[in-house]
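*Asks:* Input file: structure-v3.cif. Contents: mmCIF, C-alpha atoms.
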```
data_final
#
loop_
_atom_site.label_atom_id
_atom_site.label_comp_id
_atom_site.auth_asym_id
_atom_site.auth_seq_id
_atom_site.Cartn_x
_atom_site.Cartn_y
_atom_site.Cartn_z
CA MET A 1 -11.36 -9.47 -20.04
CA GLN A 2 -7.90 -8.62 -18.80
CA THR A 3 -5.40 -11.51 -18.87
CA LYS A 4 -4.37 -12.42 -15.36
CA ILE A 5 -0.73 -12.28 -14.30
CA PRO A 6 0.66 -15.75 -13.54
CA VAL A 7 2.21 -15.88 -10.07
CA GLY A 8 4.12 -18.39 -8.01
CA ILE A 9 4.10 -19.13 -4.29
CA LEU A 10 7.33 -20.03 -2.51
CA GLY A 11 6.64 -21.86 0.75
CA ALA A 12 3.20 -22.81 -0.52
CA THR A 13 2.45 -25.57 1.99
CA GLY A 14 2.90 -23.53 5.21
CA VAL A 15 0.25 -21.51 7.04
CA VAL A 16 1.04 -18.24 5.21
CA GLY A 17 1.50 -20.08 1.90
CA GLN A 18 -2.00 -21.50 2.33
CA ARG A 19 -3.33 -18.00 2.98
CA PHE A 20 -1.77 -16.95 -0.33
CA VAL A 21 -3.57 -19.82 -2.08
CA GLN A 22 -6.84 -18.86 -0.39
CA MET A 23 -6.58 -15.12 -1.15
CA LEU A 24 -5.49 -15.61 -4.75
CA GLU A 25 -8.15 -18.19 -5.64
CA ASN A 26 -10.49 -15.70 -7.34
CA HIS A 27 -8.19 -12.71 -7.56
CA PRO A 28 -9.07 -10.40 -10.47
CA TRP A 29 -5.42 -9.66 -11.39
CA PHE A 30 -3.33 -12.66 -10.32
CA GLU A 31 -3.58 -16.41 -10.95
CA VAL A 32 -1.57 -19.09 -9.16
CA ALA A 33 0.49 -20.88 -11.81
CA TRP A 34 3.34 -22.39 -9.81
CA LEU A 35 3.87 -23.75 -6.31
CA ALA A 36 7.11 -24.59 -4.52
CA ALA A 37 7.99 -25.75 -1.03
CA SER A 38 10.58 -27.94 0.68
CA ASP A 39 12.31 -30.89 -0.98
CA ARG A 40 9.96 -33.35 0.71
CA SER A 41 6.99 -31.76 -1.08
CA GLU A 42 8.60 -31.56 -4.52
CA GLY A 43 6.75 -33.55 -7.20
CA ARG A 44 3.70 -34.26 -5.02
CA LEU A 45 0.19 -32.99 -5.64
CA TYR A 46 -0.51 -29.92 -3.54
CA SER A 47 -3.47 -31.71 -1.94
CA GLU A 48 -1.06 -34.39 -0.70
CA ALA A 49 1.81 -32.08 0.27
CA ALA A 50 -0.16 -29.43 2.18
CA HIS A 51 -1.80 -30.18 5.53
CA TRP A 52 -4.64 -27.68 4.98
CA HIS A 53 -5.32 -25.61 8.12
CA LEU A 54 -7.80 -23.01 6.89
CA LYS A 55 -11.56 -23.05 7.40
CA THR A 56 -12.34 -22.73 3.68
CA VAL A 57 -11.99 -25.65 1.26
CA MET A 58 -8.69 -26.02 -0.59
CA PRO A 59 -9.23 -24.65 -4.13
CA SER A 60 -9.73 -27.64 -6.43
CA ARG A 61 -7.53 -26.30 -9.26
CA VAL A 62 -4.59 -25.68 -6.94
CA ALA A 63 -5.15 -29.01 -5.18
CA GLN A 64 -4.31 -30.79 -8.44
CA MET A 65 -1.14 -28.79 -9.13
CA ARG A 66 2.22 -30.44 -8.55
CA VAL A 67 4.71 -28.81 -6.22
CA ALA A 68 7.74 -27.71 -8.22
CA GLN A 69 11.40 -27.50 -7.29
CA ALA A 70 12.14 -24.23 -5.49
CA GLN A 71 14.33 -22.84 -8.27
CA PRO A 72 13.80 -19.76 -10.51
CA GLU A 73 14.04 -21.86 -13.68
CA GLY A 74 10.48 -22.40 -14.89
CA ALA A 75 8.95 -20.11 -12.26
CA PRO A 76 6.69 -17.15 -13.15
CA LYS A 77 8.14 -13.66 -12.99
CA VAL A 78 5.98 -12.68 -10.00
CA ILE A 79 6.62 -14.62 -6.79
CA PHE A 80 4.80 -14.39 -3.46
CA ALA A 81 7.12 -15.81 -0.80
CA ALA A 82 6.37 -17.29 2.63
CA LEU A 83 9.70 -18.78 3.65
CA ASP A 84 11.53 -19.15 6.94
CA ALA A 85 14.02 -16.31 7.29
CA SER A 86 17.10 -18.53 7.11
CA ILE A 87 15.96 -20.04 3.80
CA ALA A 88 14.65 -16.74 2.41
CA ALA A 89 18.00 -14.99 2.94
CA GLU A 90 19.57 -17.30 0.38
CA MET A 91 16.64 -18.08 -1.91
CA GLU A 92 14.90 -14.72 -2.45
CA PRO A 93 18.02 -12.97 -3.85
CA ARG A 94 18.42 -15.90 -6.26
CA PHE A 95 14.92 -15.36 -7.66
CA ALA A 96 15.42 -11.58 -7.85
CA ALA A 97 18.73 -12.09 -9.68
CA ALA A 98 16.85 -14.26 -12.20
CA GLY A 99 14.51 -11.36 -12.99
CA CYS A 100 11.60 -12.18 -10.67
CA ALA A 101 9.56 -9.69 -8.67
CA VAL A 102 9.74 -11.23 -5.19
CA ILE A 103 6.97 -10.03 -2.86
CA THR A 104 7.81 -11.55 0.47
CA ASN A 105 6.48 -12.00 3.96
CA SER A 106 9.87 -13.12 5.28
CA SER A 107 11.91 -11.02 7.70
CA ALA A 108 15.24 -11.86 6.05
CA LEU A 109 15.64 -8.72 3.92
CA ARG A 110 13.25 -6.27 5.60
CA MET A 111 15.94 -4.06 7.10
CA GLN A 112 18.27 -4.10 4.08
CA SER A 113 18.76 -0.47 3.13
CA ASP A 114 17.68 -0.82 -0.53
CA VAL A 115 14.69 -3.11 0.11
CA PRO A 116 11.26 -1.46 0.58
CA LEU A 117 9.39 -2.41 3.74
CA VAL A 118 5.87 -1.37 2.78
CA ILE A 119 2.31 -1.15 4.03
CA PRO A 120 0.53 0.40 1.01
CA GLU A 121 -1.65 2.70 3.14
CA ILE A 122 1.34 3.89 5.17
CA ASN A 123 4.40 4.40 2.97
CA PRO A 124 3.72 3.62 -0.72
CA ASP A 125 6.45 6.07 -1.76
CA HIS A 126 9.07 3.72 -0.27
CA MET A 127 8.54 1.45 -3.30
CA LYS A 128 10.98 3.76 -5.12
CA LEU A 129 13.83 1.96 -3.31
CA ILE A 130 13.35 -0.82 -5.87
CA GLU A 131 15.23 1.26 -8.43
CA SER A 132 18.40 1.24 -6.31
CA GLN A 133 18.57 -2.55 -6.05
CA ALA A 134 21.41 -4.26 -7.93
CA TRP A 135 19.02 -7.00 -9.05
CA ARG A 136 16.76 -4.41 -10.67
CA LYS A 137 19.63 -2.89 -12.60
CA LYS A 138 21.00 -6.24 -13.82
CA SER A 139 17.96 -8.43 -14.45
CA GLY A 140 14.86 -6.33 -13.78
CA GLY A 141 14.10 -8.40 -10.69
CA PHE A 142 13.58 -6.97 -7.21
CA VAL A 143 12.44 -7.73 -3.66
CA VAL A 144 9.67 -5.98 -1.71
CA THR A 145 8.83 -6.93 1.88
CA ASN A 146 5.86 -6.51 4.19
CA PRO A 147 6.31 -6.05 7.95
CA ASN A 148 6.25 -8.27 10.97
CA CYS A 149 2.71 -9.35 11.86
CA SER A 150 2.68 -7.41 15.13
CA ALA A 151 4.33 -4.26 13.75
CA ILE A 152 1.77 -3.96 10.98
CA GLY A 153 -1.28 -3.57 13.25
CA LEU A 154 0.56 -1.09 15.45
CA VAL A 155 1.68 1.04 12.51
CA MET A 156 -1.84 1.08 11.05
CA ALA A 157 -3.00 2.69 14.31
CA LEU A 158 -0.02 5.04 14.61
CA LYS A 159 0.12 6.50 11.10
CA PRO A 160 -3.11 8.57 11.30
CA LEU A 161 -1.89 10.00 14.62
CA GLN A 162 1.57 10.72 13.25
CA ASN A 163 -0.03 12.60 10.35
CA ALA A 164 -2.31 14.66 12.58
CA PHE A 165 -0.34 15.22 15.78
CA GLY A 166 3.18 13.77 15.53
CA ILE A 167 4.51 10.98 17.77
CA GLU A 168 7.10 11.36 20.52
CA THR A 169 6.99 8.06 22.50
CA VAL A 170 5.37 4.64 21.97
CA MET A 171 4.97 1.79 24.46
CA ALA A 172 3.35 -1.44 23.20
CA VAL A 173 2.50 -4.76 24.82
CA THR A 174 1.40 -7.52 22.43
CA MET A 175 -0.85 -10.55 22.93
CA GLN A 176 -0.04 -12.60 19.83
CA ALA A 177 -2.05 -15.50 18.41
CA VAL A 178 -0.56 -18.98 18.06
CA SER A 179 -1.04 -18.97 14.26
CA GLY A 180 1.75 -16.41 14.15
CA ALA A 181 4.17 -19.21 15.05
CA GLY A 182 3.24 -21.27 11.99
CA TYR A 183 2.54 -25.00 12.08
CA PRO A 184 3.01 -27.00 14.26
CA GLY A 185 3.98 -23.81 16.11
CA VAL A 186 3.65 -23.79 19.89
CA ALA A 187 2.98 -27.13 21.59
CA SER A 188 -0.51 -27.32 23.13
CA LEU A 189 0.84 -28.18 26.59
CA ASP A 190 2.96 -25.03 26.48
CA ILE A 191 0.21 -22.58 25.48
CA LEU A 192 -3.15 -23.89 26.78
CA GLY A 193 -4.02 -22.05 29.98
CA ASN A 194 -0.79 -20.11 29.67
CA VAL A 195 0.92 -16.95 28.41
CA ILE A 196 4.48 -17.12 27.07
CA PRO A 197 6.23 -13.76 27.60
CA TYR A 198 8.90 -14.30 24.96
CA ILE A 199 8.89 -14.57 21.16
CA PRO A 200 12.40 -14.73 19.68
CA LYS A 201 13.52 -11.44 18.05
CA GLU A 202 9.94 -10.14 18.01
CA GLU A 203 10.50 -7.10 20.20
CA GLU A 204 13.53 -6.03 18.17
CA LYS A 205 11.63 -6.45 14.90
CA MET A 206 8.73 -4.34 16.15
CA VAL A 207 10.94 -1.40 17.05
CA GLU A 208 13.17 -1.51 13.96
CA GLU A 209 10.34 -2.06 11.48
CA THR A 210 7.95 0.47 13.01
CA LYS A 211 10.61 3.16 12.75
CA LYS A 212 11.45 2.22 9.15
CA LEU A 213 7.77 2.18 8.15
CA LEU A 214 7.09 5.57 9.73
CA GLY A 215 10.34 7.01 8.40
CA ARG A 216 10.75 9.16 5.30
CA LEU A 217 12.29 8.41 1.94
CA ASN A 218 15.52 10.36 1.43
CA GLY A 219 17.03 9.64 -1.97
CA ALA A 220 18.05 5.98 -2.02
CA GLY A 221 17.47 5.38 1.69
CA ILE A 222 15.05 5.71 4.59
CA VAL A 223 15.46 8.10 7.52
CA SER A 224 13.91 6.22 10.45
CA GLY A 225 11.06 7.70 12.46
CA ASN A 226 12.31 9.97 15.22
CA PHE A 227 10.48 8.74 18.33
CA ALA A 228 11.26 6.61 21.39
CA MET A 229 9.74 3.13 21.47
CA SER A 230 9.62 0.09 23.75
CA THR A 231 7.77 -3.22 23.37
CA HIS A 232 6.83 -6.38 25.28
CA CYS A 233 5.72 -9.39 23.20
CA ASN A 234 3.63 -12.31 24.49
CA ARG A 235 2.19 -15.46 22.92
CA VAL A 236 -1.38 -16.22 24.05
CA ALA A 237 -3.86 -19.04 23.45
CA VAL A 238 -5.79 -17.30 20.65
CA GLU A 239 -6.05 -18.86 17.19
CA ASP A 240 -5.92 -15.72 14.98
CA GLY A 241 -5.47 -12.05 15.82
CA HIS A 242 -2.68 -10.05 17.40
CA MET A 243 -3.90 -7.63 20.06
CA GLU A 244 -1.74 -4.79 21.39
CA SER A 245 -2.09 -2.47 24.36
CA VAL A 246 -0.47 0.82 23.37
CA SER A 247 0.46 3.97 25.27
CA LEU A 248 1.87 7.00 23.46
CA LYS A 249 2.89 10.61 23.83
CA LEU A 250 1.97 12.97 20.99
CA LYS A 251 3.90 16.02 19.87
CA LYS A 252 0.71 18.10 19.70
CA LYS A 253 -2.16 18.11 22.18
CA ALA A 254 -5.24 16.24 20.99
CA GLN A 255 -8.78 15.67 22.15
CA PRO A 256 -10.21 12.12 22.12
CA GLU A 257 -12.75 12.97 19.42
CA GLU A 258 -9.92 14.30 17.23
CA ILE A 259 -7.97 11.06 17.62
CA ILE A 260 -10.98 8.90 16.82
CA ARG A 261 -11.77 11.09 13.82
CA ALA A 262 -8.18 10.64 12.58
CA TRP A 263 -8.53 6.86 12.76
CA ASN A 264 -11.97 6.55 11.19
CA GLY A 265 -11.21 9.09 8.48
CA PHE A 266 -7.88 7.60 7.46
CA ARG A 267 -7.69 6.71 3.78
CA SER A 268 -4.68 6.39 1.52
CA LEU A 269 -3.47 5.40 -1.94
CA PRO A 270 -4.90 1.83 -1.97
CA GLN A 271 -8.38 3.22 -1.31
CA GLU A 272 -7.93 5.91 -3.98
CA LEU A 273 -6.78 3.29 -6.49
CA ARG A 274 -9.47 0.83 -5.37
CA LEU A 275 -6.96 -2.00 -5.15
CA PRO A 276 -8.82 -5.33 -4.94
CA SER A 277 -7.58 -6.31 -1.45
CA ALA A 278 -7.71 -2.83 0.09
CA PRO A 279 -10.37 -2.45 2.77
CA GLU A 280 -12.77 0.46 2.41
CA GLN A 281 -11.79 1.56 5.93
CA PRO A 282 -8.20 0.60 6.89
CA VAL A 283 -8.63 1.62 10.55
CA HIS A 284 -11.90 1.36 12.47
CA TYR A 285 -12.61 2.61 15.99
CA ALA A 286 -14.91 0.32 18.00
CA ASP A 287 -16.97 2.31 20.52
CA ALA A 288 -17.91 -0.54 22.89
CA ALA A 289 -15.93 -0.50 26.12
CA ASN A 290 -14.86 -4.15 25.77
CA ARG A 291 -13.76 -4.13 22.12
CA PRO A 292 -11.84 -5.06 20.05
CA GLN A 293 -11.83 -8.80 20.67
CA PRO A 294 -10.30 -11.43 18.34
CA ARG A 295 -13.46 -13.56 18.39
CA PHE A 296 -15.61 -10.73 17.04
CA ASP A 297 -13.33 -8.27 15.26
CA VAL A 298 -10.41 -10.13 13.68
CA ASN A 299 -12.10 -10.47 10.27
CA ALA A 300 -13.06 -6.80 9.91
CA GLY A 301 -12.58 -5.66 6.33
CA ALA A 302 -12.04 -9.30 5.24
CA GLY A 303 -9.15 -9.42 7.71
CA MET A 304 -7.49 -6.29 6.29
CA THR A 305 -8.87 -3.65 8.72
CA ALA A 306 -7.13 -2.82 12.00
CA THR A 307 -9.69 -2.35 14.78
CA VAL A 308 -8.87 0.15 17.54
CA GLY A 309 -10.70 0.64 20.82
CA ARG A 310 -10.53 1.67 24.49
CA LEU A 311 -9.01 5.11 23.89
CA ARG A 312 -8.47 6.79 27.24
CA PRO A 313 -5.98 9.09 29.00
CA CYS A 314 -2.66 7.60 30.07
CA GLU A 315 -1.32 8.55 33.47
CA VAL A 316 2.31 8.25 32.29
CA LEU A 317 2.18 9.38 28.65
CA ASP A 318 -0.79 11.06 26.88
CA TRP A 319 -3.16 8.36 25.62
CA LYS A 320 -3.61 4.60 25.66
CA PHE A 321 -5.66 2.28 23.44
CA THR A 322 -6.00 -1.28 22.14
CA VAL A 323 -5.48 -2.36 18.53
CA LEU A 324 -6.28 -5.72 16.90
CA SER A 325 -5.25 -7.00 13.47
CA HIS A 326 -5.44 -10.35 11.68
CA ASN A 327 -1.91 -11.72 11.80
CA THR A 328 -2.02 -14.12 8.83
CA ILE A 329 -4.10 -11.86 6.57
CA ARG A 330 -3.24 -8.17 7.16
CA GLY A 331 -0.10 -9.26 8.99
CA ALA A 332 1.17 -11.72 6.37
CA ALA A 333 -0.36 -13.00 3.11
CA GLY A 334 -2.89 -10.19 2.68
CA ALA A 335 -0.18 -7.61 3.23
CA ALA A 336 1.95 -9.16 0.50
CA VAL A 337 -0.98 -9.47 -1.93
CA LEU A 338 -1.82 -5.80 -1.38
CA ASN A 339 1.84 -4.94 -2.03
CA GLY A 340 1.58 -6.92 -5.27
CA GLU A 341 -1.50 -4.96 -6.27
CA LEU A 342 0.24 -1.67 -5.57
CA LEU A 343 3.26 -2.80 -7.62
CA LYS A 344 0.98 -3.61 -10.54
CA ALA A 345 -0.81 -0.26 -10.25
CA GLN A 346 2.57 1.51 -10.21
CA GLY A 347 3.74 -0.35 -13.33
CA TYR A 348 6.39 -2.56 -11.73
CA LEU A 349 4.81 -5.83 -12.88
CA SER A 350 4.28 -4.95 -16.53
#
```
Kindly transcribe the structure held in the file into structure tokens.
*Replies:*
Amino acid sequence: MQTKIPVGILGATGVVGQRFVQMLENHPWFEVAWLAASDRSEGRLYSEAAHWHLKTVMPSRVAQMRVAQAQPEGAPKVIFAALDASIAAEMEPRFAAAGCAVITNSSALRMQSDVPLVIPEINPDHMKLIESQAWRKKSGGFVVTNPNCSAIGLVMALKPLQNAFGIETVMAVTMQAVSGAGYPGVASLDILGNVIPYIPKEEEKMVEETKKLLGRLNGAGIVSGNFAMSTHCNRVAVEDGHMESVSLKLKKKAQPEEIIRAWNGFRSLPQELRLPSAPEQPVHYADAANRPQPRFDVNAGAGMTATVGRLRPCEVLDWKFTVLSHNTIRGAAGAAVLNGELLKAQGYLS
């Protein structure tokens, strides 16, 4: 039996940190060996430090682990990070400088020119940016990021269409679940029976990250995707699942059956490599007129499949549709775990 790679989780007590614990519990390649969080959690048993929010039981082995100091000394060489951006901006470079592979969900370093922003099905070649990082050259450490939780579902739907027809203009309106705000997140009196039409920096992140993800690698940098894009982001009273209403103009004319075929037939490197967390079908088109819906579709592909539906002509652009993705799995912890699997398959974790 292959020896598992010991990994650590930075920010282990938060919502995304708990998703890491859940997804890594029986992982065939990785084993949680180290947990770190804020100073108030240091030295406590994980079962005491973490207010468990997930619907599965906290893994018993991890429950009995003590939360360590959030320092690279004594940490494993592979770190999954779920930190607030302000903390990550200072802490993640410190771990990379100490020789750690930092696979992060934080937004702090996503747009840094030498840091890969990767969805393994979309732009696995962008991992080559690792070699241009100063940390890599000095200590062997590096940082890899996954995208914003709303950008990731959108890009999953756009990439097959970019490949087949090209993209000229994108308009997206999001309806984002409260779990995307972490815990305690949005106060119940603010969100129940309400829609909040503002999420700080979310619209900017969606545009910047979508263009970087759909851009092309050019030497030691990324040439951003060449298309116009506008977004509106809203917080809604849904527990899990970011839904987006999208209109777009394609560079080439397409028939609806061609678009649906592009989505359902989309496969990429993670499926070819059979990575453990890769869904068999990354993008699924739901035929029913009233789908996708978070209640029924958010866990498609164990939360790693983006579900698309309601494709129809757009009176302003060419086509419009709805896409749904799980914001704390495909949009956060699952995205980072899949990045870790791709890094191992490419030899970066050996």
*Asks:* Assuming the chain letters and numbering stay as they are in my file, what does the PyMOL selection byres ((chain A and resi 18) around 12) actually select? List them as a PyMOL selection string.
*Replies:* chain A and resi 9-17+19-25+32+35-37+46-47+49-59+62-63+80-82+182-183+328-329+332-334
*Asks:* Distance atom CA of A:Gly140-atom CA of A:Arg274, one decimal place?
*Replies:*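 Between these atoms lies a distance of 26.7 Å.
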*Asks:* Of the candidates A:Ala68, A:Val7, A:Ile222, A:Met304, which one gets nearest to A:His126 if we count all atoms listed in the file?
*Replies:*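 Of all the options, A:Ile222 lies closest to A:His126.
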*Asks:* Could you tell me how far atom CA of A:Ala177 lies from atom CA of A:Asn148, in Å and to one decimal?
*Replies:*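 Between these atoms lies a distance of 13.3 Å.
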*Asks:* Could you write out as an NGL selection string the residues that the PyMOL selection byres ((chain A and resi 252) around 9) matches in the shown file?
*Replies:* :A and (164-167 or 249-251 or 253-254)
